[in-house]
Structures are given as structure tokens and as C-alpha cells.
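Q: Contents of coords-v8.cif (mmCIF, C-alpha atoms):
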```cif
data_structure
loop_
_atom_site.label_atom_id
_atom_site.label_comp_id
_atom_site.auth_asym_id
_atom_site.auth_seq_id
_atom_site.Cartn_x
_atom_site.Cartn_y
_atom_site.Cartn_z
CA MET A 1 -18.58 14.99 -39.74
CA GLU A 2 -20.49 13.34 -42.59
CA HIS A 3 -17.97 10.52 -42.69
CA LEU A 4 -18.63 9.78 -39.03
CA GLU A 5 -22.39 9.72 -39.66
CA LYS A 6 -21.81 7.10 -42.37
CA LEU A 7 -19.73 5.07 -39.97
CA LYS A 8 -22.76 4.79 -37.72
CA ASP A 9 -24.28 2.46 -40.34
CA VAL A 10 -21.12 0.35 -40.36
CA TRP A 11 -21.29 0.28 -36.55
CA LYS A 12 -24.94 -0.76 -36.48
CA ASP A 13 -24.45 -3.42 -39.16
CA GLN A 14 -21.54 -5.06 -37.38
CA SER A 15 -21.85 -8.78 -37.17
CA GLU A 16 -21.69 -10.58 -33.87
CA SER A 17 -18.46 -10.39 -31.90
CA PRO A 18 -15.85 -13.01 -32.83
CA ILE A 19 -15.74 -13.80 -29.12
CA LYS A 20 -19.03 -15.13 -27.85
CA PHE A 21 -20.12 -16.70 -24.57
CA THR A 22 -22.87 -19.22 -23.91
CA GLU A 23 -25.39 -18.96 -21.08
CA GLY A 24 -23.33 -21.64 -19.28
CA ASP A 25 -20.13 -19.59 -19.62
CA ILE A 26 -21.89 -16.53 -18.16
CA TYR A 27 -23.34 -18.64 -15.36
CA LYS A 28 -19.79 -19.73 -14.45
CA MET A 29 -18.43 -16.17 -14.68
CA VAL A 30 -20.95 -14.94 -12.13
CA HIS A 31 -19.26 -17.17 -9.54
CA LYS A 32 -15.72 -15.99 -10.31
CA ARG A 33 -13.97 -13.51 -8.05
CA SER A 34 -13.85 -9.88 -8.98
CA SER A 35 -10.41 -8.36 -9.47
CA SER A 36 -11.74 -4.81 -9.54
CA VAL A 37 -9.72 -1.85 -8.34
CA VAL A 38 -12.29 -1.31 -5.55
CA LYS A 39 -11.48 -4.72 -4.12
CA TRP A 40 -7.78 -3.82 -4.04
CA ILE A 41 -8.57 -0.45 -2.52
CA LEU A 42 -10.52 -2.21 0.24
CA ILE A 43 -7.73 -4.75 0.93
CA ILE A 44 -4.96 -2.13 0.97
CA SER A 45 -7.05 0.30 3.03
CA ILE A 46 -7.75 -2.37 5.68
CA LEU A 47 -4.01 -3.12 5.80
CA GLU A 48 -3.27 0.57 6.18
CA PHE A 49 -5.73 0.81 9.05
CA VAL A 50 -4.38 -2.29 10.74
CA LEU A 51 -0.60 -2.21 10.11
CA PRO A 52 0.30 0.96 12.04
CA ASN A 53 -1.43 -0.55 15.07
CA ILE A 54 0.09 -4.01 14.67
CA PHE A 55 3.55 -2.57 15.46
CA ILE A 56 2.29 -1.94 18.98
CA LEU A 57 1.65 -5.69 19.46
CA PHE A 58 5.34 -6.42 18.85
CA THR A 59 6.60 -4.00 21.45
CA ASP A 60 7.81 -5.24 24.80
CA PHE A 61 4.99 -3.95 27.01
CA LYS A 62 6.91 -4.46 30.25
CA SER A 63 10.04 -2.53 29.28
CA THR A 64 7.94 0.16 27.54
CA LYS A 65 6.00 0.61 30.78
CA GLU A 66 9.31 0.90 32.69
CA VAL A 67 10.53 3.62 30.32
CA TYR A 68 7.21 5.48 30.71
CA ASP A 69 7.48 5.19 34.52
CA ASN A 70 11.11 6.35 34.52
CA TYR A 71 10.43 9.46 32.52
CA GLY A 72 6.94 10.21 33.87
CA LEU A 73 5.32 9.60 30.50
CA ASN A 74 2.42 7.42 31.69
CA ASN A 75 -0.33 10.05 31.76
CA ILE A 76 0.80 11.61 28.51
CA MET A 77 0.71 8.27 26.70
CA ILE A 78 -2.73 7.36 28.13
CA PHE A 79 -3.99 10.73 26.88
CA TYR A 80 -2.60 10.16 23.37
CA THR A 81 -3.86 6.57 23.24
CA ILE A 82 -7.45 7.62 24.05
CA ILE A 83 -7.39 10.35 21.41
CA HIS A 84 -5.83 7.96 18.87
CA VAL A 85 -8.44 5.22 19.40
CA VAL A 86 -11.36 7.69 19.11
CA ILE A 87 -9.92 9.14 15.90
CA ILE A 88 -9.25 5.69 14.38
CA PHE A 89 -12.89 4.68 14.93
CA GLY A 90 -13.99 7.97 13.35
CA PHE A 91 -11.89 7.23 10.28
CA ILE A 92 -13.16 3.64 10.03
CA TYR A 93 -16.76 4.89 10.27
CA TYR A 94 -16.23 7.43 7.43
CA PHE A 95 -14.40 4.88 5.34
CA TYR A 96 -17.27 2.38 5.71
CA LYS A 97 -19.94 5.03 4.91
CA ASN A 98 -18.07 6.11 1.76
CA TYR A 99 -17.33 2.54 0.72
CA GLN A 100 -21.03 1.69 0.89
CA LYS A 101 -21.78 4.41 -1.65
CA ILE A 102 -19.60 2.77 -4.31
CA SER A 103 -21.94 1.21 -6.83
CA ALA A 104 -21.23 0.06 -10.37
CA ASP A 105 -24.64 1.24 -11.59
CA SER A 106 -24.22 4.88 -10.60
CA SER A 107 -23.07 7.40 -13.20
CA VAL A 108 -19.41 7.23 -14.25
CA LYS A 109 -18.61 10.53 -12.52
CA ASN A 110 -20.39 9.56 -9.30
CA LEU A 111 -18.59 6.24 -9.16
CA LEU A 112 -15.20 7.88 -9.70
CA HIS A 113 -16.07 10.52 -7.10
CA ASN A 114 -17.11 7.92 -4.52
CA ILE A 115 -14.02 5.76 -5.07
CA LEU A 116 -11.71 8.76 -4.77
CA LYS A 117 -13.57 10.00 -1.67
CA THR A 118 -13.28 6.59 0.00
CA ARG A 119 -9.59 6.52 -0.77
CA ARG A 120 -9.17 10.11 0.44
CA THR A 121 -10.36 8.98 3.89
CA VAL A 122 -7.45 6.54 4.00
CA LYS A 123 -5.08 9.19 2.68
CA ASN A 124 -6.13 11.53 5.50
CA TYR A 125 -5.75 8.64 7.95
CA ILE A 126 -2.13 8.14 6.82
CA TYR A 127 -1.45 11.88 7.12
CA TYR A 128 -3.06 11.85 10.56
CA ASN A 129 -0.79 8.95 11.59
CA LEU A 130 2.31 10.75 10.40
CA THR A 131 1.23 13.95 12.19
CA ILE A 132 0.35 12.25 15.48
CA ALA A 133 3.63 10.28 15.31
CA ALA A 134 5.50 13.58 14.86
CA ILE A 135 3.64 15.25 17.76
CA ILE A 136 4.09 12.32 20.15
CA GLY A 137 7.71 11.91 19.06
CA LEU A 138 8.57 15.56 19.71
CA HIS A 139 6.69 15.51 23.02
CA VAL A 140 8.55 12.39 24.17
CA PHE A 141 11.91 13.79 23.03
CA TYR A 142 11.17 16.97 24.98
CA VAL A 143 10.34 15.13 28.19
CA VAL A 144 13.23 12.64 27.88
CA PHE A 145 15.89 15.19 26.87
CA ASN A 146 14.96 17.37 29.85
CA SER A 147 15.01 14.53 32.38
CA ASP A 148 17.88 14.08 34.82
CA GLN A 149 18.22 10.37 33.98
CA PHE A 150 18.96 11.18 30.35
CA ILE A 151 21.22 14.17 30.97
CA ASN A 152 23.26 12.20 33.54
CA LYS A 153 23.94 9.46 30.94
CA LEU A 154 25.37 11.93 28.42
CA PRO A 155 29.11 12.68 28.27
CA GLU A 156 30.10 16.02 29.73
CA ASN A 157 29.87 19.12 27.50
CA THR A 158 27.37 17.44 25.18
CA ASN A 159 25.70 20.03 23.00
CA MET A 160 21.94 19.57 23.53
CA ILE A 161 21.16 21.41 20.32
CA MET A 162 23.10 18.73 18.42
CA VAL A 163 21.16 15.99 20.24
CA TRP A 164 17.90 17.63 19.17
CA VAL A 165 19.07 18.11 15.57
CA ILE A 166 20.21 14.47 15.23
CA ALA A 167 16.98 13.16 16.82
CA ILE A 168 14.80 15.28 14.55
CA ILE A 169 16.75 14.37 11.40
CA ILE A 170 16.48 10.61 12.09
CA PHE A 171 12.83 10.96 12.99
CA THR A 172 12.05 12.99 9.85
CA ILE A 173 13.82 10.45 7.61
CA VAL A 174 11.74 7.61 9.10
CA LEU A 175 8.48 9.55 8.59
CA PHE A 176 9.55 10.55 5.06
CA ILE A 177 10.19 6.90 4.09
CA PHE A 178 6.69 5.98 5.31
CA TRP A 179 5.23 8.89 3.36
CA CYS A 180 7.09 7.94 0.11
CA PHE A 181 6.00 4.32 0.47
CA TYR A 182 2.42 5.44 0.86
CA ARG A 183 2.57 7.82 -2.14
CA ILE A 184 3.77 4.93 -4.34
CA ILE A 185 0.81 2.74 -3.34
CA TYR A 186 -1.60 5.66 -3.65
CA GLY A 187 -0.33 6.70 -7.09
CA PHE A 188 -0.25 3.12 -8.34
CA LEU A 189 -3.88 2.50 -7.42
CA LEU A 190 -5.46 5.78 -8.39
CA LYS A 191 -3.60 7.35 -11.30
CA LYS A 192 -6.06 6.15 -13.95
CA LEU A 193 -9.12 7.07 -11.84
CA LYS A 194 -7.81 10.54 -11.07
CA ASN A 195 -7.08 11.25 -14.74
CA ASN A 196 -10.54 10.09 -15.80
CA TYR A 197 -12.22 12.13 -13.07
CA ALA A 198 -10.26 15.23 -14.13
CA ASP A 199 -11.35 14.58 -17.73
CA LEU A 200 -15.00 14.53 -16.71
CA GLN A 201 -14.60 17.62 -14.54
CA ASN A 202 -13.21 19.68 -17.45
CA ASN A 203 -15.66 22.33 -18.70
CA GLU A 204 -18.18 21.47 -15.99
CA TYR A 205 -17.88 25.05 -14.67
CA CYS A 206 -19.37 26.48 -17.89
CA THR A 207 -22.78 24.89 -17.21
CA MET B 1 -29.53 -14.74 -4.53
CA THR B 2 -31.60 -17.57 -5.91
CA PRO B 3 -30.51 -19.98 -8.69
CA GLU B 4 -33.56 -18.86 -10.75
CA LEU B 5 -32.39 -15.28 -10.59
CA GLU B 6 -28.93 -16.42 -11.74
CA LYS B 7 -30.49 -18.27 -14.64
CA THR B 8 -32.65 -15.29 -15.68
CA PHE B 9 -29.62 -13.03 -15.46
CA ALA B 10 -27.40 -15.38 -17.51
CA SER B 11 -30.06 -15.78 -20.16
CA GLU B 12 -30.72 -12.03 -20.38
CA LEU B 13 -27.00 -11.30 -20.58
CA GLU B 14 -26.41 -13.99 -23.20
CA LYS B 15 -29.00 -12.28 -25.43
CA ASN B 16 -27.55 -8.79 -24.89
CA GLN B 17 -23.84 -9.69 -24.80
CA SER B 18 -23.05 -7.77 -27.99
CA ILE B 19 -23.22 -4.53 -25.96
CA ILE B 20 -20.49 -5.73 -23.61
CA HIS B 21 -18.38 -7.01 -26.49
CA LYS B 22 -18.51 -3.56 -28.13
CA VAL B 23 -17.26 -1.99 -24.88
CA CYS B 24 -14.59 -4.69 -24.41
CA ARG B 25 -13.32 -4.36 -27.98
CA SER B 26 -13.09 -0.56 -27.58
CA TYR B 27 -11.21 -0.69 -24.26
CA THR B 28 -8.84 -3.60 -24.90
CA ASN B 29 -6.40 -4.53 -27.64
CA ASN B 30 -6.25 -8.29 -27.39
CA GLU B 31 -8.44 -11.30 -26.95
CA SER B 32 -7.26 -12.22 -23.49
CA ALA B 33 -7.89 -8.70 -22.09
CA HIS B 34 -11.25 -8.66 -23.88
CA LYS B 35 -12.28 -11.87 -22.09
CA ASP B 36 -10.94 -10.57 -18.76
CA LEU B 37 -12.88 -7.33 -19.05
CA PHE B 38 -16.02 -9.20 -20.16
CA GLN B 39 -15.77 -11.34 -17.04
CA GLU B 40 -15.30 -8.35 -14.74
CA ILE B 41 -18.26 -6.54 -16.34
CA THR B 42 -20.38 -9.69 -15.90
CA ILE B 43 -19.43 -9.89 -12.20
CA GLN B 44 -20.24 -6.19 -11.69
CA LEU B 45 -23.55 -6.56 -13.56
CA TRP B 46 -24.46 -9.53 -11.41
CA LYS B 47 -23.58 -7.64 -8.22
CA ALA B 48 -25.76 -4.71 -9.32
CA TYR B 49 -28.57 -6.88 -10.75
CA PRO B 50 -30.73 -7.06 -7.59
CA LYS B 51 -30.92 -3.25 -7.64
CA PHE B 52 -32.01 -3.15 -11.28
CA ARG B 53 -35.68 -2.27 -11.17
CA GLY B 54 -36.36 -1.77 -14.85
CA ASP B 55 -36.59 2.04 -14.58
CA SER B 56 -34.27 2.17 -17.57
CA LYS B 57 -33.89 -0.33 -20.37
CA PHE B 58 -31.75 -3.38 -19.59
CA SER B 59 -29.37 -2.35 -22.40
CA THR B 60 -28.98 1.22 -21.01
CA TRP B 61 -28.26 -0.17 -17.56
CA MET B 62 -25.76 -2.62 -19.05
CA TYR B 63 -23.93 0.19 -20.84
CA ARG B 64 -23.66 2.15 -17.61
CA VAL B 65 -22.18 -0.74 -15.62
CA ALA B 66 -19.93 -1.75 -18.53
CA PHE B 67 -18.50 1.77 -18.85
CA ASN B 68 -18.04 2.04 -15.11
CA THR B 69 -16.12 -1.21 -15.09
CA ALA B 70 -13.96 -0.32 -18.09
CA ILE B 71 -13.24 3.23 -16.90
CA SER B 72 -12.97 2.85 -13.14
CA LEU B 73 -12.93 -0.69 -11.87
CA TYR B 74 -10.96 -2.81 -14.31
CA ARG B 75 -7.24 -3.25 -13.79
CA LYS B 76 -5.26 -4.72 -16.68
CA SER B 77 -3.39 -7.80 -15.60
CA LYS B 78 0.26 -7.97 -16.68
CA ARG B 79 -0.23 -11.07 -18.78
CA ASN B 80 -2.57 -9.11 -21.06
CA VAL B 81 -0.29 -6.32 -22.05
CA GLU B 82 1.81 -7.59 -24.93
CA THR B 83 -0.47 -9.91 -26.86
CA THR B 84 -1.98 -7.58 -29.46
CA GLN B 85 -1.15 -9.94 -32.28
CA ILE B 86 -3.54 -12.68 -31.19
CA TYR B 87 -6.50 -10.31 -31.28
CA ASP B 88 -5.58 -9.08 -34.75
CA ASN B 89 -5.27 -12.61 -36.07
CA LEU B 90 -8.60 -13.52 -34.59
CA LYS B 91 -10.28 -10.55 -36.21
CA GLU B 92 -8.77 -11.39 -39.59
CA LEU B 93 -9.90 -14.98 -39.27
CA GLU B 94 -13.43 -14.40 -38.09
CA TYR B 95 -14.31 -11.48 -40.29
CA HIS B 96 -12.78 -12.84 -43.48
CA ASP B 97 -16.03 -14.17 -44.93
CA TYR B 98 -17.99 -10.98 -44.39
CA ASP B 99 -18.17 -7.86 -46.52
CA ASP B 100 -14.50 -6.98 -46.70
CA SER B 101 -14.74 -3.19 -47.03
CA LYS B 102 -17.25 -2.89 -44.16
CA ASP B 103 -15.16 -5.21 -42.04
CA ARG B 104 -12.07 -3.13 -42.71
CA GLN B 105 -13.90 0.09 -41.91
CA LEU B 106 -15.16 -1.42 -38.68
CA SER B 107 -11.72 -2.67 -37.77
CA LEU B 108 -10.24 0.80 -38.40
CA LEU B 109 -13.04 2.38 -36.41
CA TYR B 110 -12.30 0.14 -33.42
CA LYS B 111 -8.60 0.93 -33.69
CA ALA B 112 -9.39 4.66 -33.79
CA ILE B 113 -11.68 4.36 -30.74
CA TYR B 114 -8.98 2.43 -28.88
CA SER B 115 -6.55 5.30 -29.37
CA LEU B 116 -8.90 7.74 -27.56
CA ASN B 117 -8.76 8.24 -23.78
CA ASP B 118 -11.18 6.34 -21.50
CA ILE B 119 -13.88 9.03 -21.36
CA GLU B 120 -13.66 9.76 -25.09
CA LYS B 121 -14.04 6.04 -25.81
CA ALA B 122 -17.36 6.08 -23.89
CA LEU B 123 -18.48 9.20 -25.76
CA ALA B 124 -17.57 7.66 -29.14
CA LEU B 125 -19.53 4.50 -28.37
CA LEU B 126 -22.56 6.43 -27.16
CA TYR B 127 -22.41 8.57 -30.32
CA LEU B 128 -22.24 5.53 -32.59
CA GLU B 129 -25.15 3.99 -30.69
CA ASP B 130 -27.16 7.18 -31.40
CA LYS B 131 -27.85 7.90 -27.74
CA SER B 132 -29.47 11.22 -26.82
CA TYR B 133 -27.49 13.90 -24.96
CA LYS B 134 -29.82 13.37 -22.01
CA GLU B 135 -28.88 9.71 -21.84
CA ILE B 136 -25.18 10.48 -22.37
CA SER B 137 -25.21 13.07 -19.57
CA GLU B 138 -26.97 10.61 -17.23
CA THR B 139 -24.58 7.76 -18.05
CA LEU B 140 -21.46 9.85 -17.53
CA GLY B 141 -22.90 11.99 -14.71
CA ILE B 142 -22.12 15.32 -16.38
CA SER B 143 -24.37 18.15 -17.58
CA GLU B 144 -25.86 18.03 -21.08
CA VAL B 145 -23.90 21.14 -22.10
CA ASN B 146 -20.66 19.55 -21.00
CA ALA B 147 -21.65 16.33 -22.79
CA ARG B 148 -22.15 18.33 -26.01
CA VAL B 149 -18.79 20.10 -25.68
CA LYS B 150 -16.99 16.83 -24.99
CA MET B 151 -18.85 15.02 -27.77
CA ASN B 152 -17.83 17.64 -30.35
CA ARG B 153 -14.19 17.37 -29.28
CA THR B 154 -14.33 13.58 -29.39
CA LYS B 155 -15.92 13.57 -32.86
CA THR B 156 -13.26 15.95 -34.19
CA LYS B 157 -10.51 13.83 -32.66
CA LEU B 158 -12.02 10.64 -34.07
CA LYS B 159 -12.38 12.25 -37.51
CA ASN B 160 -8.74 13.36 -37.45
CA ILE B 161 -7.56 9.88 -36.51
CA LEU B 162 -9.62 8.29 -39.28
CA ASN B 163 -8.70 10.90 -41.94
CA PRO B 164 -5.32 12.30 -41.00
#
```
Would you mind writing the structure in this file as C-alpha cells?
A:
Amino acid sequence: MEHLEKLKDVWKDQSESPIKFTEGDIYKMVHKRSSSVVKWILIISILEFVLPNIFILFTDFKSTKEVYDNYGLNNIMIFYTIIHVVIIFGFIYYFYKNYQKISADSSVKNLLHNILKTRRTVKNYIYYNLTIAAIIGLHVFYVVFNSDQFINKLPENTNMIMVWVIAIIIFTIVLFIFWCFYRIIYGFLLKKLKNNYADLQNNEYCT
Amino acid sequence: MTPELEKTFASELEKNQSIIHKVCRSYTNNESAHKDLFQEITIQLWKAYPKFRGDSKFSTWMYRVAFNTAISLYRKSKRNVETTQIYDNLKELEYHDYDDSKDRQLSLLYKAIYSLNDIEKALALLYLEDKSYKEISETLGISEVNARVKMNRTKTKLKNILNP
């Protein structure tokens, strides 16, 4: 390692950087917008909180209400909506608390940990959305497929098992596409951070 | 934040900018990315400046924020990826008049550091700056024992890159 020790002198003697900024340049930089990964995480997370709920705004409330009335789904849907809203606010609260802890002057490991924790809240939120969609979907299928209105519309000798299988396959494909889309965004944003965090974690158990 | 505070900050940073340049040169491979990273570090330093109470030296605090930005916060923009040549030309041009052998050694050292992973880069810089294990462990947020283990690995890796 003697060679490296000698290089310390070369390092210390290095002349000023070929790129140099004046006080005026720095003053201007202070007012520029950050393009940090945390900013993107915030923007994408807000979209992920908002988008699943925006779909509801585009639904035809009147005809949806009619369907609910027809199949006796009103109370079930009110129940799920209340639970959903309470859980969303819980997630937003945790996200905000974690986001506040992100600070560029903490240690490298702490910063990585806090960014990943903040993002994990959104990851769990997405998983929650997929799970609740699956539960509500199956519940609605169950009620609708067992209703007289639905059965009367089907051709005679329809195999109900086939109806269930087709419904579940289509539903699973839709949820899977959402999940894949989310994994791409998640991986794209966090690959570097995850690798660096894993690097810092290595050997930590031996202390 | 007041204009006076902005002025104090800009003046302080102008005097200590060599620290950020060392980090930028270690984490980027071209002039444009260097400038981009410098700007992002400056923005992060400014955001954190009101919380800086002088418990540690300004330079130590700057290192911490600079590493955090380079390791966790900075995202390379696409336009910076394939312009290595410009940076090399600039180095050749600017360093030409200085001691050639030292300049070459320094250039090779930077290239070797650049080939390390993000955490090793930070360790290499902290080693070259002669920082104590206590300071290294505080900057990275790991135990001193772990810092020693990682530092030894990084030094061996760096040595192997420089003397294959």
C-alpha cells in the first residue's frame, strides 16, 4: 500500500480544478431547480396516490349506482369505500412523515435508508391497491354471478365454472399489467440506491 | 432565506469549491456531467445550509452533502452519457503547463477512482483526504469496524487497478 500512501501527496498537491465557478455563478445555481431523485420520487409517488382514485371521477356515477341497486351492492361498496379512504389517509400520513426525514446532511446510510423507506410506503400502497381491487372484484363477481338478473341473461346450460374462470383470468391479467408497470417505475427509480444501500449494509453484522 | 445569507453561502462555497470538484471529478466522466453534479450539490448544500450549525467543520459538512448527492440524489441526464472525450481534452489542455508526471499520476488516479463503485469512490476520497475512521464512519453512517473492512478492500482494489 506504499504506492497509495505516496499518491496521497499527489492528491494533496493537485492544482485547482480546471472547472471553476465564481461567487456569481454559485449565487445563480442556488436559484436553479433541483433534479434530484427525491424530487422525482415525490412527483411519481403523488401521482401513484392520486391516479388510482382519479379513475373513479371518470365513471358514470348514475349508471354505477343503478348497477349497485340492481345487485344489492350498495352497502358493500359503502363499507369498502370507508375502509379505503381511512387506509389512504394512513398511507399519506406515513409517506409524509418518512419524506420529512430525508435530509442531504444526514449520513449516507441514513439518507439511503430514509429514501428507500419513503418509497416502500408507496410500494405497500400499490400492493394494497392491487389486493383491495382483487378482494372487491371477487366479492362483486360472487354477488353478481349468484344474482337472478345475471343468471337469467345467460344462455341455457352455461357452465358457471367457465364464467368464473374467464372472469378471474381477465381480472388477473389486468392486475398483473398494473403490477408490471409499477415494477418498471420502481426499478428505474431505485436500482442505484438499493445497490448502494446493500453495499453499505455488507459486513455490518460483524460489528 | 435572506439575501445576506445567500451571499455568505456563495462566498463560503466559492472558497471551498475544490472539495466539490474533487467529488464531481470522481463521480463523473465528462465536463457536462461534472457541472450538472456540481449544480445539484450546490442546491442540496443551500437547502441544508440553514441547519448547518458549525458543530462540524464547513468542509466536513460539505463532503457529507456532496457524497449524499453523488451517491443517492443525483440522476445522470441522458445528454451527459456519451461525452467523455470533451472532459479528457479539457484535462489535457488545462494541466499541460503543470508538472507532467504528477498531472499524469493524478489523472490516472481519478480514472481509477471512477472505475470503483459509488461507496468505494467515497471511501477512496476520504482515504486520500486523510480522514479518521471516526469521521469516515460518521459520514457514511456505518460502524468504524465496517469502515476499516471496507477501506482495506477499497485500497486493495484501487492498488490493483493502478498496478495491474
Q: Name the closest residue to Arg64 (chain B) among the candidates B:Glu40, B:Ile136, B:Glu31, B:Ile113; distances are taken between atoms, counting all atoms listed in the file.
A: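 Smallest separation from Arg64 (chain B) among the options: B:Ile136.
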Q: Report as a ChimeraX atom specification the full result of the PyMOL selection byres ((chain A and resi 87-97) around 10) when it is applied to this structure.
A: /A:42,45-46,49,81-86,98-102,117-122,124-125,128-129
Q: For chain A, list the residues within 8 Å of chain B, counting all atoms listed in the file, and write the list as a ChimeraX atom specification.
A: /A:1,3-4,7-8,10-12,14,16-24,26-27,29-38,103-112,192-193,196,199-200,203-204,206-207
Q: Only C-alpha atoms, please: the residues just picked out, written as a CSV table (one decimal), in the frame of the given file.
A:
```
chain,number,residue,atom,x,y,z
A,1,MET,CA,-18.6,15.0,-39.7
A,3,HIS,CA,-18.0,10.5,-42.7
A,4,LEU,CA,-18.6,9.8,-39.0
A,7,LEU,CA,-19.7,5.1,-40.0
A,8,LYS,CA,-22.8,4.8,-37.7
A,10,VAL,CA,-21.1,0.4,-40.4
A,11,TRP,CA,-21.3,0.3,-36.6
A,12,LYS,CA,-24.9,-0.8,-36.5
A,14,GLN,CA,-21.5,-5.1,-37.4
A,16,GLU,CA,-21.7,-10.6,-33.9
A,17,SER,CA,-18.5,-10.4,-31.9
A,18,PRO,CA,-15.8,-13.0,-32.8
A,19,ILE,CA,-15.7,-13.8,-29.1
A,20,LYS,CA,-19.0,-15.1,-27.8
A,21,PHE,CA,-20.1,-16.7,-24.6
A,22,THR,CA,-22.9,-19.2,-23.9
A,23,GLU,CA,-25.4,-19.0,-21.1
A,24,GLY,CA,-23.3,-21.6,-19.3
A,26,ILE,CA,-21.9,-16.5,-18.2
A,27,TYR,CA,-23.3,-18.6,-15.4
A,29,MET,CA,-18.4,-16.2,-14.7
A,30,VAL,CA,-21.0,-14.9,-12.1
A,31,HIS,CA,-19.3,-17.2,-9.5
A,32,LYS,CA,-15.7,-16.0,-10.3
A,33,ARG,CA,-14.0,-13.5,-8.0
A,34,SER,CA,-13.8,-9.9,-9.0
A,35,SER,CA,-10.4,-8.4,-9.5
A,36,SER,CA,-11.7,-4.8,-9.5
A,37,VAL,CA,-9.7,-1.8,-8.3
A,38,VAL,CA,-12.3,-1.3,-5.6
A,103,SER,CA,-21.9,1.2,-6.8
A,104,ALA,CA,-21.2,0.1,-10.4
A,105,ASP,CA,-24.6,1.2,-11.6
A,106,SER,CA,-24.2,4.9,-10.6
A,107,SER,CA,-23.1,7.4,-13.2
A,108,VAL,CA,-19.4,7.2,-14.2
A,109,LYS,CA,-18.6,10.5,-12.5
A,110,ASN,CA,-20.4,9.6,-9.3
A,111,LEU,CA,-18.6,6.2,-9.2
A,112,LEU,CA,-15.2,7.9,-9.7
A,192,LYS,CA,-6.1,6.2,-14.0
A,193,LEU,CA,-9.1,7.1,-11.8
A,196,ASN,CA,-10.5,10.1,-15.8
A,199,ASP,CA,-11.4,14.6,-17.7
A,200,LEU,CA,-15.0,14.5,-16.7
A,203,ASN,CA,-15.7,22.3,-18.7
A,204,GLU,CA,-18.2,21.5,-16.0
A,206,CYS,CA,-19.4,26.5,-17.9
A,207,THR,CA,-22.8,24.9,-17.2
```
Q: My list of candidates is A:Ile136, A:Asn195, A:Thr131, A:Asn114. Which is closest to Phe79 (chain A) when distances are computed with all atoms listed in the file?
A: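 So, comparing all the options, the nearest one is A:Ile136.
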Q: State, in Å with one decimal place, the distance from CA of Phe58 (chain B) to CA of Asp9 (chain A).
A: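 So the two atoms, CA of Phe58 (chain B) and CA of Asp9 (chain A), lie 22.8 Å apart.
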Q: Using the chain letters and numbering of this document, enumerate as number ranges by chain the residues selected by the PyMOL selection byres ((chain A and resi 140-157) around 10).
A: A: 67-68, 70-73, 76-77, 134-139, 158-160, 163-164, 167-168
Q: Which distance in Å separates CA of Tyr27 (chain B) and CA of Glu2 (chain A), to one decimal?
A: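 Straight-line distance from CA of Tyr27 (chain B) to CA of Glu2 (chain A) works out to 24.9 Å.
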